[in-house]
There are 2 protein chains.
Amino acid sequence: LETTPSIDFYFFIGSTYTYLSVLRAEDAARDAGVMLKWRPFFLRDILAEMDNSPFVGKPAKRSYMWRDLEHRAALHGLRFEGAPPYPVDPQGVANRVAHVAATHGWCAEYVRAVYRGGFLEKNPPGDPGFMRTVPETLGRDPASVLEAADSDGVRSGLARRTDEARRLGVFGSPSFVCGSEVFWGDDRLEEALAWATGRHPARS
Amino acid sequence: LETTPSIDFYFFIGSTYTYLSVLRAEDAARDAGVMLKWRPFFLRDILAEMDNSPFVGKPAKRSYMWRDLEHRAALHGLRFEGAPPYPVDPQGVANRVAHVAATHGWCAEYVRAVYRGGFLEKNPPGDPGFMRTVPETLGRDPASVLEAADSDGVRSGLARRTDEARRLGVFGSPSFVCGSEVFWGDDRLEEALAWATGRHPARS
């Protein structure tokens, strides 16, 4: 009886480097024979607890981040059209819709559409119009999706996922979790897949 | 007339990930046909200006950092013996000695000895005894090295290097600079070498 290895892909819409993972993690996981589980969580709460503002008040670090994203996108053959709207999703709507989508099996396609819209068409995740358009293009009824996203059940469901991430030691997005092992950053995706399939040299 | 491509390796003793680059950057650069120039600078001043404390008050991020270092060391076949003393070099002595060593052509061997001593034998860089031992083992007179490191000329020389780093947009260690292009982090070393040799896909 063999079981397919899996990794939990914890992500937060609003993280910039998450763009790369959203577009490439599923293919990379499939090629490695690993099942990818999409786990939206609300990173902003964890960042606030750590008093961690990765880019606020750090102009050199912020402009480097956009340039580095451009480098990394080129390395992976992904489009990059300059800095997208940032920061985004002030009310958390885009992330709560991700939780709704994860519950109903359309998380991957939703998050890809949100990131493509944000990075390539400069639509800010969280913007009311954009938040109606995305479910619609995926064949979902925007009104009921947004009503669900505003419900107490979804708010507390996303908070539980955030608690789960915190307990695992997750403090950034994207994070790839295999058992108790955390890999932070799109540039650690290959390591996470190597870990999940027993090929990482640090895995005893 | 061909010129050898070069990269400037900006580093700060006290940065944890810099351990990896100190041990592997010179070999990697040589293999790529790139000249590596060792550029000590005083990152702590730049971090303070950005109000950036990468790990203070961030226990999950800090414990991840040690684990990630262990992963990365294993991937590169480098020793890792658990967390070394941290933070280190409160007075900046170890970094000022690096400036002295860079001026006199023994920077690479000095910084390797400091990092090996710190990570493998748990000697804190900046510790007075350790700061005498390292130059001694490299055949330098500790008293005159430490006297030079305490001089106004060396203090202002290191400050000029720090200004230079700031102007280039450097905000962390290790950073690899090719012309106006900055690559931050040991995990960007291969990209920096690819850039320097015209093989990076984002280089127009």
# chains A, B, ... in the order shown; residues from 1 in each chain; ligands from 1
>>> calpha_fit_and_write(fixed="chain B", moving="chain A", output="PDB file with C-alpha atoms, in the first residue's frame")
ATOM      1  CA  LEU A   1      40.498  42.396 -25.025  1.00  0.00           C
ATOM      2  CA  GLU A   2      38.289  40.351 -22.711  1.00  0.00           C
ATOM      3  CA  THR A   3      37.724  41.389 -19.143  1.00  0.00           C
ATOM      4  CA  THR A   4      36.902  38.970 -16.356  1.00  0.00           C
ATOM      5  CA  PRO A   5      33.423  39.621 -14.984  1.00  0.00           C
ATOM      6  CA  SER A   6      33.310  40.397 -11.288  1.00  0.00           C
ATOM      7  CA  ILE A   7      30.796  40.678  -8.473  1.00  0.00           C
ATOM      8  CA  ASP A   8      31.035  42.598  -5.241  1.00  0.00           C
ATOM      9  CA  PHE A   9      30.254  40.403  -2.261  1.00  0.00           C
ATOM     10  CA  TYR A  10      28.877  42.711   0.442  1.00  0.00           C
ATOM     11  CA  PHE A  11      28.809  40.976   3.782  1.00  0.00           C
ATOM     12  CA  PHE A  12      28.340  41.701   7.459  1.00  0.00           C
ATOM     13  CA  ILE A  13      29.740  39.487  10.201  1.00  0.00           C
ATOM     14  CA  GLY A  14      26.743  38.766  12.381  1.00  0.00           C
ATOM     15  CA  SER A  15      24.452  37.798   9.524  1.00  0.00           C
ATOM     16  CA  THR A  16      23.614  34.133   9.867  1.00  0.00           C
ATOM     17  CA  TYR A  17      23.014  33.133   6.236  1.00  0.00           C
ATOM     18  CA  THR A  18      26.313  34.795   5.330  1.00  0.00           C
ATOM     19  CA  TYR A  19      27.976  31.673   6.771  1.00  0.00           C
ATOM     20  CA  LEU A  20      26.951  29.741   3.660  1.00  0.00           C
ATOM     21  CA  SER A  21      28.276  32.347   1.226  1.00  0.00           C
ATOM     22  CA  VAL A  22      31.533  32.834   3.102  1.00  0.00           C
ATOM     23  CA  LEU A  23      32.233  29.121   2.710  1.00  0.00           C
ATOM     24  CA  ARG A  24      31.033  28.626  -0.843  1.00  0.00           C
ATOM     25  CA  ALA A  25      30.997  31.900  -2.825  1.00  0.00           C
ATOM     26  CA  GLU A  26      34.657  31.900  -3.820  1.00  0.00           C
ATOM     27  CA  ASP A  27      34.572  28.374  -5.266  1.00  0.00           C
ATOM     28  CA  ALA A  28      31.268  29.033  -7.025  1.00  0.00           C
ATOM     29  CA  ALA A  29      32.617  32.265  -8.503  1.00  0.00           C
ATOM     30  CA  ARG A  30      35.814  30.610  -9.692  1.00  0.00           C
ATOM     31  CA  ASP A  31      33.834  27.792 -11.319  1.00  0.00           C
ATOM     32  CA  ALA A  32      31.740  30.416 -13.138  1.00  0.00           C
ATOM     33  CA  GLY A  33      34.807  32.398 -14.216  1.00  0.00           C
ATOM     34  CA  VAL A  34      33.847  35.386 -12.078  1.00  0.00           C
ATOM     35  CA  MET A  35      36.106  37.418  -9.806  1.00  0.00           C
ATOM     36  CA  LEU A  36      34.692  37.814  -6.279  1.00  0.00           C
ATOM     37  CA  LYS A  37      35.484  41.043  -4.434  1.00  0.00           C
ATOM     38  CA  TRP A  38      35.029  40.904  -0.659  1.00  0.00           C
ATOM     39  CA  ARG A  39      33.257  44.014   0.630  1.00  0.00           C
ATOM     40  CA  PRO A  40      32.727  44.216   4.386  1.00  0.00           C
ATOM     41  CA  PHE A  41      30.113  46.795   5.398  1.00  0.00           C
ATOM     42  CA  PHE A  42      28.271  47.615   8.609  1.00  0.00           C
ATOM     43  CA  LEU A  43      24.771  46.351   7.941  1.00  0.00           C
ATOM     44  CA  ARG A  44      23.577  47.053  11.469  1.00  0.00           C
ATOM     45  CA  ASP A  45      23.417  50.792  10.708  1.00  0.00           C
ATOM     46  CA  ILE A  46      21.258  50.178   7.631  1.00  0.00           C
ATOM     47  CA  LEU A  47      18.943  47.806   9.517  1.00  0.00           C
ATOM     48  CA  ALA A  48      18.508  50.418  12.260  1.00  0.00           C
ATOM     49  CA  GLU A  49      17.563  53.077   9.682  1.00  0.00           C
ATOM     50  CA  MET A  50      14.912  50.738   8.265  1.00  0.00           C
ATOM     51  CA  ASP A  51      13.756  49.763  11.781  1.00  0.00           C
ATOM     52  CA  ASN A  52      14.366  46.204  10.580  1.00  0.00           C
ATOM     53  CA  SER A  53      15.045  43.555  13.222  1.00  0.00           C
ATOM     54  CA  PRO A  54      14.914  40.388  11.168  1.00  0.00           C
ATOM     55  CA  PHE A  55      14.572  38.037  14.131  1.00  0.00           C
ATOM     56  CA  VAL A  56      14.086  40.033  17.357  1.00  0.00           C
ATOM     57  CA  GLY A  57      10.588  39.355  18.729  1.00  0.00           C
ATOM     58  CA  LYS A  58       9.932  36.848  15.942  1.00  0.00           C
ATOM     59  CA  PRO A  59      10.558  33.453  17.546  1.00  0.00           C
ATOM     60  CA  ALA A  60       8.886  31.397  14.790  1.00  0.00           C
ATOM     61  CA  LYS A  61      10.900  33.190  12.122  1.00  0.00           C
ATOM     62  CA  ARG A  62      14.098  32.803  14.130  1.00  0.00           C
ATOM     63  CA  SER A  63      13.737  29.089  14.754  1.00  0.00           C
ATOM     64  CA  TYR A  64      12.829  28.600  11.092  1.00  0.00           C
ATOM     65  CA  MET A  65      15.993  30.459  10.106  1.00  0.00           C
ATOM     66  CA  TRP A  66      18.215  27.993  11.979  1.00  0.00           C
ATOM     67  CA  ARG A  67      16.370  25.037  10.507  1.00  0.00           C
ATOM     68  CA  ASP A  68      16.552  26.534   7.015  1.00  0.00           C
ATOM     69  CA  LEU A  69      20.285  27.138   7.454  1.00  0.00           C
ATOM     70  CA  GLU A  70      20.647  23.477   8.378  1.00  0.00           C
ATOM     71  CA  HIS A  71      18.709  22.489   5.241  1.00  0.00           C
ATOM     72  CA  ARG A  72      20.800  24.755   3.023  1.00  0.00           C
ATOM     73  CA  ALA A  73      24.094  23.640   4.530  1.00  0.00           C
ATOM     74  CA  ALA A  74      23.130  20.016   3.820  1.00  0.00           C
ATOM     75  CA  LEU A  75      22.231  20.888   0.230  1.00  0.00           C
ATOM     76  CA  HIS A  76      25.677  22.419  -0.249  1.00  0.00           C
ATOM     77  CA  GLY A  77      27.571  19.751   1.663  1.00  0.00           C
ATOM     78  CA  LEU A  78      28.633  22.207   4.375  1.00  0.00           C
ATOM     79  CA  ARG A  79      28.853  21.462   8.087  1.00  0.00           C
ATOM     80  CA  PHE A  80      26.214  22.810  10.430  1.00  0.00           C
ATOM     81  CA  GLU A  81      26.391  22.067  14.144  1.00  0.00           C
ATOM     82  CA  GLY A  82      23.307  23.816  15.468  1.00  0.00           C
ATOM     83  CA  ALA A  83      22.779  27.489  16.213  1.00  0.00           C
ATOM     84  CA  PRO A  84      26.020  29.409  16.891  1.00  0.00           C
ATOM     85  CA  PRO A  85      26.248  32.309  19.364  1.00  0.00           C
ATOM     86  CA  TYR A  86      23.799  34.976  18.212  1.00  0.00           C
ATOM     87  CA  PRO A  87      23.662  37.979  18.079  1.00  0.00           C
ATOM     88  CA  VAL A  88      27.371  38.741  17.980  1.00  0.00           C
ATOM     89  CA  ASP A  89      29.958  41.520  17.588  1.00  0.00           C
ATOM     90  CA  PRO A  90      28.201  44.165  19.715  1.00  0.00           C
ATOM     91  CA  GLN A  91      31.065  46.665  19.299  1.00  0.00           C
ATOM     92  CA  GLY A  92      31.702  45.952  15.619  1.00  0.00           C
ATOM     93  CA  VAL A  93      35.287  44.779  16.234  1.00  0.00           C
ATOM     94  CA  ALA A  94      34.994  41.663  14.050  1.00  0.00           C
ATOM     95  CA  ASN A  95      33.639  43.764  11.192  1.00  0.00           C
ATOM     96  CA  ARG A  96      36.317  46.438  11.577  1.00  0.00           C
ATOM     97  CA  VAL A  97      39.008  43.751  11.502  1.00  0.00           C
ATOM     98  CA  ALA A  98      37.404  42.552   8.246  1.00  0.00           C
ATOM     99  CA  HIS A  99      37.946  46.037   6.837  1.00  0.00           C
ATOM    100  CA  VAL A 100      41.590  45.941   7.941  1.00  0.00           C
ATOM    101  CA  ALA A 101      41.975  42.506   6.388  1.00  0.00           C
ATOM    102  CA  ALA A 102      40.352  43.646   3.127  1.00  0.00           C
ATOM    103  CA  THR A 103      42.808  46.541   2.935  1.00  0.00           C
ATOM    104  CA  HIS A 104      45.732  44.147   3.349  1.00  0.00           C
ATOM    105  CA  GLY A 105      44.604  41.244   1.189  1.00  0.00           C
ATOM    106  CA  TRP A 106      43.631  38.613   3.750  1.00  0.00           C
ATOM    107  CA  CYS A 107      39.898  39.250   3.998  1.00  0.00           C
ATOM    108  CA  ALA A 108      38.653  35.930   2.592  1.00  0.00           C
ATOM    109  CA  GLU A 109      40.744  33.780   4.904  1.00  0.00           C
ATOM    110  CA  TYR A 110      39.900  35.972   7.917  1.00  0.00           C
ATOM    111  CA  VAL A 111      36.146  35.870   7.339  1.00  0.00           C
ATOM    112  CA  ARG A 112      36.188  32.131   6.741  1.00  0.00           C
ATOM    113  CA  ALA A 113      38.095  31.629  10.000  1.00  0.00           C
ATOM    114  CA  VAL A 114      35.660  33.851  11.910  1.00  0.00           C
ATOM    115  CA  TYR A 115      32.600  32.058  10.543  1.00  0.00           C
ATOM    116  CA  ARG A 116      34.065  28.590  11.015  1.00  0.00           C
ATOM    117  CA  GLY A 117      35.036  29.511  14.575  1.00  0.00           C
ATOM    118  CA  GLY A 118      31.577  30.921  15.235  1.00  0.00           C
ATOM    119  CA  PHE A 119      29.480  28.193  13.674  1.00  0.00           C
ATOM    120  CA  LEU A 120      31.597  25.128  14.362  1.00  0.00           C
ATOM    121  CA  GLU A 121      33.395  25.975  17.622  1.00  0.00           C
ATOM    122  CA  LYS A 122      30.823  28.445  18.979  1.00  0.00           C
ATOM    123  CA  ASN A 123      33.302  31.282  19.429  1.00  0.00           C
ATOM    124  CA  PRO A 124      31.393  34.579  19.330  1.00  0.00           C
ATOM    125  CA  PRO A 125      32.793  37.018  16.739  1.00  0.00           C
ATOM    126  CA  GLY A 126      33.727  40.149  18.676  1.00  0.00           C
ATOM    127  CA  ASP A 127      34.867  38.218  21.747  1.00  0.00           C
ATOM    128  CA  PRO A 128      38.285  39.679  22.725  1.00  0.00           C
ATOM    129  CA  GLY A 129      40.059  36.325  22.991  1.00  0.00           C
ATOM    130  CA  PHE A 130      38.668  35.056  19.693  1.00  0.00           C
ATOM    131  CA  MET A 131      39.541  38.348  18.016  1.00  0.00           C
ATOM    132  CA  ARG A 132      43.185  37.822  19.018  1.00  0.00           C
ATOM    133  CA  THR A 133      43.282  34.158  18.044  1.00  0.00           C
ATOM    134  CA  VAL A 134      42.010  34.532  14.495  1.00  0.00           C
ATOM    135  CA  PRO A 135      44.679  36.964  13.190  1.00  0.00           C
ATOM    136  CA  GLU A 136      47.316  34.951  15.033  1.00  0.00           C
ATOM    137  CA  THR A 137      46.349  31.690  13.296  1.00  0.00           C
ATOM    138  CA  LEU A 138      46.607  33.602  10.004  1.00  0.00           C
ATOM    139  CA  GLY A 139      50.150  34.757  10.806  1.00  0.00           C
ATOM    140  CA  ARG A 140      49.198  38.346  11.646  1.00  0.00           C
ATOM    141  CA  ASP A 141      50.140  40.258  14.780  1.00  0.00           C
ATOM    142  CA  PRO A 142      46.927  40.520  16.824  1.00  0.00           C
ATOM    143  CA  ALA A 143      47.959  43.669  18.686  1.00  0.00           C
ATOM    144  CA  SER A 144      48.613  45.714  15.576  1.00  0.00           C
ATOM    145  CA  VAL A 145      45.551  44.339  13.797  1.00  0.00           C
ATOM    146  CA  LEU A 146      43.315  45.279  16.729  1.00  0.00           C
ATOM    147  CA  GLU A 147      44.964  48.689  17.061  1.00  0.00           C
ATOM    148  CA  ALA A 148      44.301  49.354  13.378  1.00  0.00           C
ATOM    149  CA  ALA A 149      40.704  48.111  13.757  1.00  0.00           C
ATOM    150  CA  ASP A 150      40.186  50.664  16.514  1.00  0.00           C
ATOM    151  CA  SER A 151      41.572  53.598  14.500  1.00  0.00           C
ATOM    152  CA  ASP A 152      39.533  56.487  13.138  1.00  0.00           C
ATOM    153  CA  GLY A 153      40.730  55.673   9.641  1.00  0.00           C
ATOM    154  CA  VAL A 154      39.303  52.170   9.733  1.00  0.00           C
ATOM    155  CA  ARG A 155      36.074  53.312  11.373  1.00  0.00           C
ATOM    156  CA  SER A 156      35.525  55.899   8.664  1.00  0.00           C
ATOM    157  CA  GLY A 157      36.666  53.502   5.947  1.00  0.00           C
ATOM    158  CA  LEU A 158      34.044  50.953   6.991  1.00  0.00           C
ATOM    159  CA  ALA A 159      31.443  53.730   7.194  1.00  0.00           C
ATOM    160  CA  ARG A 160      32.292  54.742   3.605  1.00  0.00           C
ATOM    161  CA  ARG A 161      31.774  51.145   2.465  1.00  0.00           C
ATOM    162  CA  THR A 162      28.437  51.167   4.270  1.00  0.00           C
ATOM    163  CA  ASP A 163      27.458  54.408   2.482  1.00  0.00           C
ATOM    164  CA  GLU A 164      28.441  52.796  -0.799  1.00  0.00           C
ATOM    165  CA  ALA A 165      26.282  49.738  -0.030  1.00  0.00           C
ATOM    166  CA  ARG A 166      23.344  51.972   0.922  1.00  0.00           C
ATOM    167  CA  ARG A 167      23.648  53.921  -2.341  1.00  0.00           C
ATOM    168  CA  LEU A 168      23.611  50.660  -4.309  1.00  0.00           C
ATOM    169  CA  GLY A 169      20.363  49.644  -2.581  1.00  0.00           C
ATOM    170  CA  VAL A 170      21.918  46.964  -0.368  1.00  0.00           C
ATOM    171  CA  PHE A 171      19.851  46.304   2.767  1.00  0.00           C
ATOM    172  CA  GLY A 172      20.948  42.809   3.830  1.00  0.00           C
ATOM    173  CA  SER A 173      23.816  40.333   3.951  1.00  0.00           C
ATOM    174  CA  PRO A 174      25.003  38.589   1.910  1.00  0.00           C
ATOM    175  CA  SER A 175      24.419  40.785  -1.131  1.00  0.00           C
ATOM    176  CA  PHE A 176      26.028  40.231  -4.507  1.00  0.00           C
ATOM    177  CA  VAL A 177      26.273  43.311  -6.700  1.00  0.00           C
ATOM    178  CA  CYS A 178      26.950  43.308 -10.456  1.00  0.00           C
ATOM    179  CA  GLY A 179      26.973  46.863 -11.728  1.00  0.00           C
ATOM    180  CA  SER A 180      23.664  48.303 -10.561  1.00  0.00           C
ATOM    181  CA  GLU A 181      22.044  44.887 -10.039  1.00  0.00           C
ATOM    182  CA  VAL A 182      21.684  43.606  -6.483  1.00  0.00           C
ATOM    183  CA  PHE A 183      21.106  39.974  -5.495  1.00  0.00           C
ATOM    184  CA  TRP A 184      20.276  39.464  -1.830  1.00  0.00           C
ATOM    185  CA  GLY A 185      20.774  36.203   0.010  1.00  0.00           C
ATOM    186  CA  ASP A 186      23.005  33.180  -0.253  1.00  0.00           C
ATOM    187  CA  ASP A 187      20.246  31.559  -2.293  1.00  0.00           C
ATOM    188  CA  ARG A 188      20.718  34.222  -4.983  1.00  0.00           C
ATOM    189  CA  LEU A 189      24.443  33.562  -5.485  1.00  0.00           C
ATOM    190  CA  GLU A 190      23.896  31.407  -8.568  1.00  0.00           C
ATOM    191  CA  GLU A 191      21.651  34.092 -10.081  1.00  0.00           C
ATOM    192  CA  ALA A 192      24.270  36.753  -9.452  1.00  0.00           C
ATOM    193  CA  LEU A 193      26.910  34.636 -11.176  1.00  0.00           C
ATOM    194  CA  ALA A 194      24.524  34.006 -14.085  1.00  0.00           C
ATOM    195  CA  TRP A 195      23.937  37.749 -14.321  1.00  0.00           C
ATOM    196  CA  ALA A 196      27.651  38.536 -14.257  1.00  0.00           C
ATOM    197  CA  THR A 197      28.303  36.100 -17.112  1.00  0.00           C
ATOM    198  CA  GLY A 198      25.305  37.142 -19.231  1.00  0.00           C
ATOM    199  CA  ARG A 199      23.322  33.937 -18.628  1.00  0.00           C
ATOM    200  CA  HIS A 200      20.423  35.325 -16.534  1.00  0.00           C
ATOM    201  CA  PRO A 201      17.149  35.302 -18.489  1.00  0.00           C
ATOM    202  CA  ALA A 202      16.072  38.668 -17.028  1.00  0.00           C
ATOM    203  CA  ARG A 203      19.239  40.354 -18.327  1.00  0.00           C
ATOM    204  CA  SER A 204      18.338  42.245 -21.454  1.00  0.00           C
TER     205      SER A 204
END
>>> select_by_dssp(residues="region 106-151 of chain A", states="helix (DSSP H, G or I)", output="compact mmCIF listing (two decimals) with C-alpha atoms, in the first residue's frame")
# COMPACT_ATOMS: atom_id res chain seq x y z
CA CYS A 107 -9.54 27.19 -4.72
CA ALA A 108 -6.68 26.68 -7.19
CA GLU A 109 -8.50 28.19 -10.14
CA TYR A 110 -9.80 31.09 -8.01
CA VAL A 111 -6.39 32.01 -6.61
CA ARG A 112 -4.76 31.78 -10.02
CA ALA A 113 -7.43 34.09 -11.45
CA VAL A 114 -6.98 36.58 -8.60
CA TYR A 115 -3.20 36.66 -8.96
CA ARG A 116 -3.28 36.85 -12.75
CA GLY A 117 -5.82 39.66 -12.53
CA GLY A 118 -3.72 41.47 -9.94
CA PHE A 119 -0.31 41.08 -11.52
CA LEU A 120 -1.17 41.18 -15.21
CA GLU A 121 -4.27 43.41 -15.36
CA PRO A 128 -15.61 44.98 -5.04
CA GLY A 129 -15.91 44.85 -8.83
CA PHE A 130 -12.98 42.47 -9.22
CA MET A 131 -14.33 40.29 -6.41
CA ARG A 132 -17.57 39.86 -8.38
CA THR A 133 -15.86 39.26 -11.72
CA VAL A 134 -13.57 36.46 -10.63
CA PRO A 135 -16.23 34.01 -9.34
CA GLU A 136 -18.38 34.88 -12.34
CA THR A 137 -15.64 33.95 -14.84
CA PRO A 142 -20.89 36.17 -7.20
CA ALA A 143 -23.69 37.19 -4.84
CA SER A 144 -23.82 33.90 -3.00
CA VAL A 145 -20.03 33.56 -2.94
CA LEU A 146 -19.66 37.03 -1.42
CA GLU A 147 -22.48 36.39 1.05
CA ALA A 148 -20.75 33.20 2.18
CA ALA A 149 -17.41 35.04 2.41
